[in-house]
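K.L.:
mmCIF, C-alpha atoms, saved as query_39.cif, coming up:
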data_data
loop_
_atom_site.label_atom_id
_atom_site.label_comp_id
_atom_site.auth_asym_id
_atom_site.auth_seq_id
_atom_site.Cartn_x
_atom_site.Cartn_y
_atom_site.Cartn_z
CA MET Q 1 -35.09 -110.25 15.41
CA GLY Q 2 -34.24 -107.30 17.61
CA LEU Q 3 -37.11 -105.23 18.88
CA GLY Q 4 -36.03 -101.80 17.87
CA SER Q 5 -34.71 -99.61 20.67
CA LEU Q 6 -35.86 -100.85 24.04
CA GLY Q 7 -35.90 -97.79 26.25
CA ARG Q 8 -33.55 -95.47 24.39
CA GLY Q 9 -34.35 -92.81 21.82
CA HIS Q 10 -36.60 -90.90 24.23
CA VAL Q 11 -35.33 -87.40 24.91
CA GLU Q 12 -36.91 -85.63 27.85
CA PRO Q 13 -38.43 -82.22 27.15
CA ILE Q 14 -35.58 -79.83 27.90
CA HIS Q 15 -34.67 -76.27 27.18
CA GLY Q 16 -32.97 -76.09 23.79
CA ALA Q 17 -35.03 -78.81 22.10
CA VAL Q 18 -35.28 -78.37 18.35
CA SER Q 19 -38.99 -77.55 18.68
CA GLN Q 20 -38.00 -74.33 20.48
CA GLU Q 21 -35.64 -73.20 17.73
CA SER Q 22 -36.34 -71.14 14.63
CA ALA Q 23 -38.20 -72.57 11.66
CA GLU Q 24 -34.95 -72.65 9.69
CA THR Q 25 -33.17 -74.63 12.42
CA ARG Q 26 -36.07 -77.08 12.71
CA ALA Q 27 -36.15 -77.61 8.96
CA ASP Q 28 -32.37 -78.16 8.86
CA PHE Q 29 -32.57 -80.72 11.68
CA ILE Q 30 -35.38 -82.64 10.00
CA ARG Q 31 -33.57 -82.60 6.66
CA LYS Q 32 -30.34 -83.93 8.22
CA THR Q 33 -32.23 -86.62 10.13
CA TYR Q 34 -33.97 -88.02 7.05
CA VAL Q 35 -30.89 -87.71 4.84
CA HIS Q 36 -29.00 -89.82 7.39
CA LEU Q 37 -31.93 -92.25 7.59
CA GLY Q 38 -31.89 -92.60 3.81
CA GLY Q 39 -28.12 -93.15 3.86
CA ALA Q 40 -28.48 -95.81 6.55
CA ILE Q 41 -31.15 -97.62 4.51
CA LEU Q 42 -29.06 -97.53 1.34
CA ALA Q 43 -25.99 -98.78 3.23
CA PHE Q 44 -28.09 -101.57 4.73
CA VAL Q 45 -29.39 -102.65 1.31
CA ALA Q 46 -25.91 -102.70 -0.23
CA LEU Q 47 -24.23 -104.50 2.68
CA GLU Q 48 -27.09 -106.97 3.05
CA TYR Q 49 -26.91 -107.89 -0.62
CA LEU Q 50 -23.18 -108.49 -0.37
CA PHE Q 51 -23.55 -110.56 2.81
CA VAL Q 52 -26.53 -112.69 1.75
CA THR Q 53 -24.94 -113.53 -1.60
CA SER Q 54 -21.59 -114.42 -0.03
CA THR Q 55 -20.58 -117.87 1.14
CA ALA Q 56 -19.94 -116.52 4.63
CA GLY Q 57 -23.43 -115.04 4.82
CA GLN Q 58 -25.11 -118.19 3.58
CA ASN Q 59 -23.16 -120.35 6.02
CA PHE Q 60 -24.13 -117.98 8.82
CA ALA Q 61 -27.81 -118.16 7.84
CA ILE Q 62 -27.74 -121.97 7.82
CA TRP Q 63 -25.98 -122.02 11.19
CA ALA Q 64 -28.37 -119.49 12.76
CA PHE Q 65 -31.67 -120.96 11.55
CA GLY Q 66 -30.67 -124.54 10.74
CA GLY Q 67 -29.15 -125.59 14.04
CA SER Q 68 -30.23 -125.52 17.66
CA TYR Q 69 -32.44 -122.69 18.89
CA VAL Q 70 -29.47 -121.74 21.06
CA ASN Q 71 -27.71 -120.50 17.91
CA TRP Q 72 -30.47 -118.00 17.14
CA LEU Q 73 -30.68 -117.06 20.80
CA MET Q 74 -26.97 -116.20 20.69
CA VAL Q 75 -27.52 -114.09 17.58
CA LEU Q 76 -30.45 -112.27 19.18
CA GLY Q 77 -28.51 -111.67 22.40
CA GLY Q 78 -25.50 -110.41 20.49
CA PHE Q 79 -27.71 -108.07 18.47
CA MET Q 80 -29.22 -106.57 21.60
CA VAL Q 81 -25.81 -105.96 23.17
CA VAL Q 82 -24.32 -104.46 20.01
CA GLY Q 83 -27.50 -102.44 19.42
CA TRP Q 84 -27.34 -100.97 22.92
CA LEU Q 85 -23.68 -100.03 22.42
CA ALA Q 86 -24.41 -98.49 19.01
CA GLU Q 87 -27.27 -96.40 20.40
CA THR Q 88 -25.13 -95.24 23.31
CA TRP Q 89 -22.46 -94.03 20.89
CA ALA Q 90 -25.01 -92.43 18.58
CA HIS Q 91 -26.38 -90.42 21.52
CA SER Q 92 -22.90 -89.17 22.44
CA ASP Q 93 -22.79 -85.43 23.15
CA THR Q 94 -19.00 -85.23 23.03
CA SER Q 95 -17.99 -86.58 19.64
CA GLN Q 96 -19.78 -86.51 16.29
CA SER Q 97 -17.45 -89.19 14.95
CA THR Q 98 -18.60 -91.47 17.78
CA GLN Q 99 -22.19 -90.80 16.76
CA TYR Q 100 -21.45 -91.91 13.20
CA ILE Q 101 -19.62 -95.01 14.42
CA GLY Q 102 -22.71 -95.87 16.45
CA LEU Q 103 -25.00 -95.49 13.45
CA GLY Q 104 -22.69 -97.55 11.25
CA LEU Q 105 -22.42 -100.27 13.88
CA TYR Q 106 -26.18 -100.48 14.17
CA VAL Q 107 -26.56 -100.83 10.40
CA ILE Q 108 -24.06 -103.70 10.42
CA ALA Q 109 -25.90 -105.36 13.34
CA GLU Q 110 -29.14 -105.20 11.35
CA VAL Q 111 -27.40 -106.67 8.30
CA VAL Q 112 -26.29 -109.66 10.37
CA ILE Q 113 -29.58 -110.36 12.11
CA MET Q 114 -31.62 -109.94 8.91
CA CYS Q 115 -29.41 -112.30 6.92
CA PRO Q 116 -31.05 -115.65 7.82
CA LEU Q 117 -34.58 -114.48 6.95
CA LEU Q 118 -33.45 -112.86 3.70
CA TYR Q 119 -31.52 -116.04 2.83
CA ILE Q 120 -34.73 -118.04 3.21
CA CYS Q 121 -36.66 -115.58 1.03
CA ALA Q 122 -33.94 -115.32 -1.62
CA TYR Q 123 -33.01 -119.00 -1.94
CA LEU Q 124 -35.71 -121.20 -0.40
CA ALA Q 125 -39.04 -119.42 -0.86
CA LYS Q 126 -40.80 -119.91 -4.19
CA ASN Q 127 -41.83 -116.26 -4.59
CA GLU Q 128 -38.94 -114.15 -5.87
CA ASN Q 129 -40.93 -110.95 -5.30
CA LEU Q 130 -41.13 -111.32 -1.52
CA ILE Q 131 -38.21 -109.04 -0.67
CA PRO Q 132 -39.10 -106.15 -3.02
CA MET Q 133 -42.78 -106.42 -2.02
CA ALA Q 134 -41.85 -106.20 1.66
CA GLY Q 135 -39.56 -103.27 0.98
CA ILE Q 136 -42.19 -101.30 -0.94
CA MET Q 137 -44.92 -102.02 1.59
CA THR Q 138 -42.63 -101.04 4.46
CA LEU Q 139 -41.73 -97.72 2.83
CA LEU Q 140 -45.40 -96.97 2.11
CA MET Q 141 -46.39 -97.79 5.68
CA PHE Q 142 -43.51 -95.76 7.10
CA GLY Q 143 -44.34 -92.84 4.81
CA GLY Q 144 -47.99 -92.83 5.86
CA LEU Q 145 -47.16 -92.90 9.57
CA THR Q 146 -44.53 -90.19 9.14
CA ALA Q 147 -46.99 -87.97 7.29
CA THR Q 148 -49.54 -88.50 10.06
CA VAL Q 149 -47.13 -87.17 12.68
CA PHE Q 150 -45.98 -84.20 10.60
CA ILE Q 151 -49.51 -83.21 9.61
CA THR Q 152 -51.02 -83.52 13.10
CA LYS Q 153 -47.84 -82.42 14.96
CA LYS Q 154 -49.04 -84.63 17.81
CA ASP Q 155 -46.56 -85.57 20.53
CA PHE Q 156 -46.57 -89.38 20.86
CA SER Q 157 -44.14 -89.50 23.77
CA PHE Q 158 -46.95 -90.91 25.95
CA MET Q 159 -46.49 -94.20 24.05
CA ARG Q 160 -43.03 -94.85 25.52
CA GLY Q 161 -44.11 -96.99 28.47
CA GLY Q 162 -46.53 -99.06 26.44
CA LEU Q 163 -43.98 -99.66 23.69
CA MET Q 164 -41.37 -100.82 26.20
CA LEU Q 165 -43.78 -103.23 27.89
CA ALA Q 166 -44.96 -104.59 24.54
CA SER Q 167 -41.35 -105.00 23.38
CA PHE Q 168 -40.30 -107.00 26.41
CA GLY Q 169 -43.46 -109.08 26.14
CA ALA Q 170 -42.71 -109.81 22.48
CA LEU Q 171 -39.14 -110.72 23.35
CA GLY Q 172 -40.44 -113.20 25.91
CA VAL Q 173 -42.74 -114.77 23.31
CA ILE Q 174 -39.87 -115.04 20.81
CA ILE Q 175 -37.61 -116.76 23.36
CA ALA Q 176 -40.43 -119.12 24.39
CA GLY Q 177 -41.07 -119.94 20.74
CA MET Q 178 -37.42 -120.83 20.23
CA ALA Q 179 -37.21 -122.84 23.44
CA PHE Q 180 -40.39 -124.87 22.91
CA GLY Q 181 -40.29 -125.05 19.12
CA PHE Q 182 -43.64 -123.51 18.20
CA ASN Q 183 -44.26 -121.29 15.22
CA LEU Q 184 -45.21 -117.74 16.20
CA GLY Q 185 -47.39 -117.51 13.12
CA LEU Q 186 -49.32 -114.91 11.21
CA PHE Q 187 -50.91 -113.05 14.10
CA PHE Q 188 -47.59 -112.49 15.84
CA SER Q 189 -46.21 -110.87 12.68
CA VAL Q 190 -49.26 -108.59 12.53
CA ALA Q 191 -48.80 -107.69 16.19
CA MET Q 192 -45.13 -106.90 15.61
CA LEU Q 193 -46.03 -104.68 12.65
CA ALA Q 194 -48.35 -102.80 14.99
CA LEU Q 195 -45.50 -102.46 17.48
CA ALA Q 196 -43.15 -101.21 14.78
CA SER Q 197 -45.80 -98.69 13.71
CA GLY Q 198 -45.98 -97.45 17.27
CA TYR Q 199 -42.21 -96.96 17.30
CA VAL Q 200 -42.38 -94.99 14.04
CA LEU Q 201 -45.00 -92.66 15.53
CA TYR Q 202 -43.04 -92.29 18.76
CA TYR Q 203 -39.63 -91.63 17.21
CA THR Q 204 -41.01 -89.32 14.52
CA SER Q 205 -42.72 -87.19 17.14
CA ASN Q 206 -39.41 -87.06 19.02
CA VAL Q 207 -37.78 -85.69 15.86
CA ILE Q 208 -40.29 -82.84 15.89
CA HIS Q 209 -40.58 -82.17 19.62
CA ARG Q 210 -37.76 -83.56 21.73
CA TYR Q 211 -34.35 -83.89 20.13
CA ARG Q 212 -31.82 -81.09 20.33
CA PRO Q 213 -30.08 -79.58 17.31
CA GLY Q 214 -27.03 -81.72 16.62
CA GLN Q 215 -28.74 -85.00 17.57
CA HIS Q 216 -29.78 -85.85 14.03
CA VAL Q 217 -27.56 -88.97 13.95
CA ALA Q 218 -29.25 -90.38 17.05
CA ALA Q 219 -32.67 -89.48 15.64
CA SER Q 220 -31.90 -91.23 12.35
CA LEU Q 221 -30.71 -94.36 14.17
CA SER Q 222 -33.97 -94.57 16.14
CA LEU Q 223 -36.02 -94.23 12.96
CA PHE Q 224 -33.84 -96.78 11.17
CA ALA Q 225 -34.39 -99.26 14.01
CA ALA Q 226 -38.16 -98.85 13.63
CA VAL Q 227 -38.02 -99.21 9.84
CA ALA Q 228 -35.85 -102.34 10.12
CA LEU Q 229 -38.25 -103.89 12.62
CA MET Q 230 -41.18 -103.11 10.33
CA PHE Q 231 -39.42 -104.56 7.27
CA TYR Q 232 -38.49 -107.77 9.11
CA TYR Q 233 -42.03 -108.54 10.16
CA MET Q 234 -43.51 -107.36 6.88
CA LEU Q 235 -41.29 -109.98 5.25
CA MET Q 236 -42.34 -112.57 7.84
CA LEU Q 237 -46.00 -111.76 7.19
CA LEU Q 238 -45.66 -112.12 3.42
CA LEU Q 239 -43.70 -115.33 3.87
CA GLU Q 240 -46.49 -116.75 6.03
CA LEU Q 241 -49.17 -115.67 3.54
CA THR Q 242 -47.42 -117.12 0.51
CA SER Q 243 -46.14 -120.37 2.02
CA ASP Q 244 -47.90 -123.60 1.16
#
Now, as a test, write the supplied structure out as structure tokens.

P.N.:
Amino acid sequence: MGLGSLGRGHVEPIHGAVSQESAETRADFIRKTYVHLGGAILAFVALEYLFVTSTAGQNFAIWAFGGSYVNWLMVLGGFMVVGWLAETWAHSDTSQSTQYIGLGLYVIAEVVIMCPLLYICAYLAKNENLIPMAGIMTLLMFGGLTATVFITKKDFSFMRGGLMLASFGALGVIIAGMAFGFNLGLFFSVAMLALASGYVLYYTSNVIHRYRPGQHVAASLSLFAAVALMFYYMLMLLLELTSD
């Protein structure tokens, strides 16, 4: 699974940040950001359902998880490249259409990389409630973290360096697990949920303090990346807890 946005999404404090604008402008920016986030989540759910239930999606899931670890490594590498490109486009200052293409591309990338795990939960796991349970728990967790930032108005930009180091460390553990064939297990899923929570705090504070008006598409992509990461490892955690 991709590790959210490794290094992007941070906007340096600059003149013209949304935090320096009027209350009406700030409220409009926040509304647009979360409307786009909601749209991205709904698009992900619809596209994921179509892909996982299709023959092509099921064949892809079997190929990615059922073959050599090199297959999944290729998927992970492809996701990181496409994710970087999508984020670059979403942060474009020259074209709003390019920003939307970037957001759409990132949603599709998440659909692809989530497919194998969702295939396992939908067709192989014995608990049919795993996916909705993970979705509800993810939304509750995301909502609580979001409320924390908006209530405290704390700037979590200081977390950037630690999140990047933790992300690269986690990526190294994932690659080692694939290469040497060991199960990352329950505690790794818990650790990744903590990492995803850190990203939610960081990106939400950027929405309040650091983005400029007009960057709501980029802001929504960053939040979507954090939500997707949280959902993935919430599902992994529940799968570990309910497996025999």

K.L.:
Compute the distance from (-39.7, -102.3, 8.7) to each atom, counting all atoms listed in the file, keep the residues with any atom at most 9 Å away, and return them as a list in words; use the coordinates of the file.

P.N.:
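Within the cut-off we find Ala134, Gly135, Met137, Thr138, Leu139, Met141, Phe142, Leu193, Ala196, Ser197, Phe224, Ala225, Ala226, Val227, Ala228, Leu229, Met230, Phe231, Tyr232, Tyr233, Met234 and Leu235 of chain Q.
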
K.L.:
Run the PyMOL selection byres ((chain Q and resi 94-102) around 10) on the file and write out the hits as number ranges by chain.

P.N.:
Q: 36, 82-93, 103-108, 214-218, 221

K.L.:
Store the residues picked out above in a file with C-alpha atoms, as a PDB file, in the coordinates of the input.

P.N.:
ATOM      1  CA  HIS Q  36     -29.000 -89.820   7.390  1.00  0.00           C
ATOM      2  CA  VAL Q  82     -24.320-104.460  20.010  1.00  0.00           C
ATOM      3  CA  GLY Q  83     -27.500-102.440  19.420  1.00  0.00           C
ATOM      4  CA  TRP Q  84     -27.340-100.970  22.920  1.00  0.00           C
ATOM      5  CA  LEU Q  85     -23.680-100.030  22.420  1.00  0.00           C
ATOM      6  CA  ALA Q  86     -24.410 -98.490  19.010  1.00  0.00           C
ATOM      7  CA  GLU Q  87     -27.270 -96.400  20.400  1.00  0.00           C
ATOM      8  CA  THR Q  88     -25.130 -95.240  23.310  1.00  0.00           C
ATOM      9  CA  TRP Q  89     -22.460 -94.030  20.890  1.00  0.00           C
ATOM     10  CA  ALA Q  90     -25.010 -92.430  18.580  1.00  0.00           C
ATOM     11  CA  HIS Q  91     -26.380 -90.420  21.520  1.00  0.00           C
ATOM     12  CA  SER Q  92     -22.900 -89.170  22.440  1.00  0.00           C
ATOM     13  CA  ASP Q  93     -22.790 -85.430  23.150  1.00  0.00           C
ATOM     14  CA  LEU Q 103     -25.000 -95.490  13.450  1.00  0.00           C
ATOM     15  CA  GLY Q 104     -22.690 -97.550  11.250  1.00  0.00           C
ATOM     16  CA  LEU Q 105     -22.420-100.270  13.880  1.00  0.00           C
ATOM     17  CA  TYR Q 106     -26.180-100.480  14.170  1.00  0.00           C
ATOM     18  CA  VAL Q 107     -26.560-100.830  10.400  1.00  0.00           C
ATOM     19  CA  ILE Q 108     -24.060-103.700  10.420  1.00  0.00           C
ATOM     20  CA  GLY Q 214     -27.030 -81.720  16.620  1.00  0.00           C
ATOM     21  CA  GLN Q 215     -28.740 -85.000  17.570  1.00  0.00           C
ATOM     22  CA  HIS Q 216     -29.780 -85.850  14.030  1.00  0.00           C
ATOM     23  CA  VAL Q 217     -27.560 -88.970  13.950  1.00  0.00           C
ATOM     24  CA  ALA Q 218     -29.250 -90.380  17.050  1.00  0.00           C
ATOM     25  CA  LEU Q 221     -30.710 -94.360  14.170  1.00  0.00           C
TER      26      LEU Q 221
END

K.L.:
In Å, with one decimal, what is the gap from atom CA of Leu186 of chain Q to atom CA of Cys121 of chain Q?

P.N.:
16.3 Å

K.L.:
Expressed in Å to a single decimal, how great is the separation between atom CA of Gly66 of chain Q and atom CA of Ser243 of chain Q?

P.N.:
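Interatomic distance, atom CA of Gly66 of chain Q to atom CA of Ser243 of chain Q: 18.2 Å.
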
K.L.:
Written as a ChimeraX atom specification, what is the full residue list that the PyMOL selection byres ((chain Q and resi 202-205) around 9) yields on the file shown?

P.N.:
/Q:9-10,145-146,149-150,153-160,163,197-201,206-210,219,222-223,226

K.L.:
Can you translate the PyMOL selection byres ((chain Q and resi 242) around 9) into the concrete residues it hits in this file, as JSON, numbers by chain?

P.N.:
{"Q": [125, 126, 127, 130, 237, 238, 239, 240, 241, 243, 244]}

K.L.:
Between atom CA of Gly169 of chain Q and atom CA of Ile113 of chain Q, measure the distance and give it in Å to one decimal.

P.N.:
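Taking atom CA of Gly169 of chain Q as the start and atom CA of Ile113 of chain Q as the end point, the length is 19.8 Å.
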
K.L.:
Box along x, y and z, 4 Å on every side, all listed atoms of segment 220-229 of chain Q inside: centre and edge lengths in Å to one decimal, as AutoDock Vina command-line options.

P.N.:
--center_x -34.5 --center_y -97.6 --center_z 13.0 --size_x 15.5 --size_y 20.7 --size_z 14.3

K.L.:
Which one is closest to Pro116 of chain Q: Q:Tyr69, Q:Phe60, Q:Phe168, Q:Phe44? Count all atoms listed in the file.

P.N.:
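Closest to Pro116 of chain Q of all the choices is Q:Phe60.
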
K.L.:
For a quick check of understanding, using all atoms listed in the file, which of Q:Tyr119, Q:Met164, Q:Ile175, Q:Glu128 has the smallest distance to Ile62 of chain Q?

P.N.:
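Under the stated criterion, the closest residue is Q:Tyr119.
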
K.L.:
Since the input lacks some atoms of segment 139-160 of chain Q, please model N, CA and C atoms and print them as a PDB file, keeping the file's coordinate frame.

P.N.:
ATOM      1  N   LEU Q 139     -41.932 -99.145   3.105  1.00  0.00           N
ATOM      2  CA  LEU Q 139     -41.730 -97.720   2.830  1.00  0.00           C
ATOM      3  C   LEU Q 139     -43.060 -96.980   2.759  1.00  0.00           C
ATOM      4  N   LEU Q 140     -44.088 -97.606   2.168  1.00  0.00           N
ATOM      5  CA  LEU Q 140     -45.400 -96.970   2.110  1.00  0.00           C
ATOM      6  C   LEU Q 140     -45.993 -96.806   3.511  1.00  0.00           C
ATOM      7  N   MET Q 141     -45.864 -97.834   4.315  1.00  0.00           N
ATOM      8  CA  MET Q 141     -46.390 -97.790   5.680  1.00  0.00           C
ATOM      9  C   MET Q 141     -45.646 -96.743   6.505  1.00  0.00           C
ATOM     10  N   PHE Q 142     -44.331 -96.734   6.381  1.00  0.00           N
ATOM     11  CA  PHE Q 142     -43.510 -95.760   7.100  1.00  0.00           C
ATOM     12  C   PHE Q 142     -43.858 -94.340   6.645  1.00  0.00           C
ATOM     13  N   GLY Q 143     -44.006 -94.156   5.333  1.00  0.00           N
ATOM     14  CA  GLY Q 143     -44.340 -92.840   4.810  1.00  0.00           C
ATOM     15  C   GLY Q 143     -45.686 -92.343   5.319  1.00  0.00           C
ATOM     16  N   GLY Q 144     -46.675 -93.227   5.366  1.00  0.00           N
ATOM     17  CA  GLY Q 144     -47.990 -92.830   5.860  1.00  0.00           C
ATOM     18  C   GLY Q 144     -47.969 -92.443   7.320  1.00  0.00           C
ATOM     19  N   LEU Q 145     -47.256 -93.213   8.142  1.00  0.00           N
ATOM     20  CA  LEU Q 145     -47.160 -92.900   9.570  1.00  0.00           C
ATOM     21  C   LEU Q 145     -46.390 -91.603   9.796  1.00  0.00           C
ATOM     22  N   THR Q 146     -45.316 -91.419   9.022  1.00  0.00           N
ATOM     23  CA  THR Q 146     -44.530 -90.190   9.140  1.00  0.00           C
ATOM     24  C   THR Q 146     -45.372 -88.974   8.786  1.00  0.00           C
ATOM     25  N   ALA Q 147     -46.127 -89.076   7.701  1.00  0.00           N
ATOM     26  CA  ALA Q 147     -46.990 -87.970   7.290  1.00  0.00           C
ATOM     27  C   ALA Q 147     -48.029 -87.660   8.357  1.00  0.00           C
ATOM     28  N   THR Q 148     -48.554 -88.697   8.998  1.00  0.00           N
ATOM     29  CA  THR Q 148     -49.540 -88.500  10.060  1.00  0.00           C
ATOM     30  C   THR Q 148     -48.979 -87.628  11.174  1.00  0.00           C
ATOM     31  N   VAL Q 149     -47.747 -87.924  11.587  1.00  0.00           N
ATOM     32  CA  VAL Q 149     -47.130 -87.170  12.680  1.00  0.00           C
ATOM     33  C   VAL Q 149     -46.857 -85.724  12.249  1.00  0.00           C
ATOM     34  N   PHE Q 150     -46.321 -85.549  11.049  1.00  0.00           N
ATOM     35  CA  PHE Q 150     -45.980 -84.200  10.600  1.00  0.00           C
ATOM     36  C   PHE Q 150     -47.218 -83.351  10.339  1.00  0.00           C
ATOM     37  N   ILE Q 151     -48.284 -83.964   9.877  1.00  0.00           N
ATOM     38  CA  ILE Q 151     -49.510 -83.210   9.610  1.00  0.00           C
ATOM     39  C   ILE Q 151     -50.208 -82.826  10.914  1.00  0.00           C
ATOM     40  N   THR Q 152     -50.312 -83.789  11.844  1.00  0.00           N
ATOM     41  CA  THR Q 152     -51.020 -83.520  13.100  1.00  0.00           C
ATOM     42  C   THR Q 152     -50.145 -82.804  14.119  1.00  0.00           C
ATOM     43  N   LYS Q 153     -48.809 -82.988  13.999  1.00  0.00           N
ATOM     44  CA  LYS Q 153     -47.840 -82.420  14.960  1.00  0.00           C
ATOM     45  C   LYS Q 153     -48.111 -82.898  16.396  1.00  0.00           C
ATOM     46  N   LYS Q 154     -48.734 -84.060  16.508  1.00  0.00           N
ATOM     47  CA  LYS Q 154     -49.040 -84.630  17.810  1.00  0.00           C
ATOM     48  C   LYS Q 154     -47.780 -85.187  18.464  1.00  0.00           C
ATOM     49  N   ASP Q 155     -47.677 -85.026  19.774  1.00  0.00           N
ATOM     50  CA  ASP Q 155     -46.560 -85.570  20.530  1.00  0.00           C
ATOM     51  C   ASP Q 155     -46.946 -86.967  21.029  1.00  0.00           C
ATOM     52  N   PHE Q 156     -46.267 -87.994  20.501  1.00  0.00           N
ATOM     53  CA  PHE Q 156     -46.570 -89.380  20.860  1.00  0.00           C
ATOM     54  C   PHE Q 156     -45.660 -89.918  21.960  1.00  0.00           C
ATOM     55  N   SER Q 157     -45.049 -89.023  22.727  1.00  0.00           N
ATOM     56  CA  SER Q 157     -44.140 -89.500  23.770  1.00  0.00           C
ATOM     57  C   SER Q 157     -44.854 -90.313  24.847  1.00  0.00           C
ATOM     58  N   PHE Q 158     -46.182 -90.135  24.970  1.00  0.00           N
ATOM     59  CA  PHE Q 158     -46.950 -90.910  25.950  1.00  0.00           C
ATOM     60  C   PHE Q 158     -46.907 -92.411  25.651  1.00  0.00           C
ATOM     61  N   MET Q 159     -46.508 -92.796  24.437  1.00  0.00           N
ATOM     62  CA  MET Q 159     -46.490 -94.200  24.050  1.00  0.00           C
ATOM     63  C   MET Q 159     -45.273 -94.944  24.580  1.00  0.00           C
ATOM     64  N   ARG Q 160     -44.301 -94.238  25.144  1.00  0.00           N
ATOM     65  CA  ARG Q 160     -43.030 -94.850  25.520  1.00  0.00           C
ATOM     66  C   ARG Q 160     -43.187 -96.054  26.439  1.00  0.00           C
TER      67      ARG Q 160
END
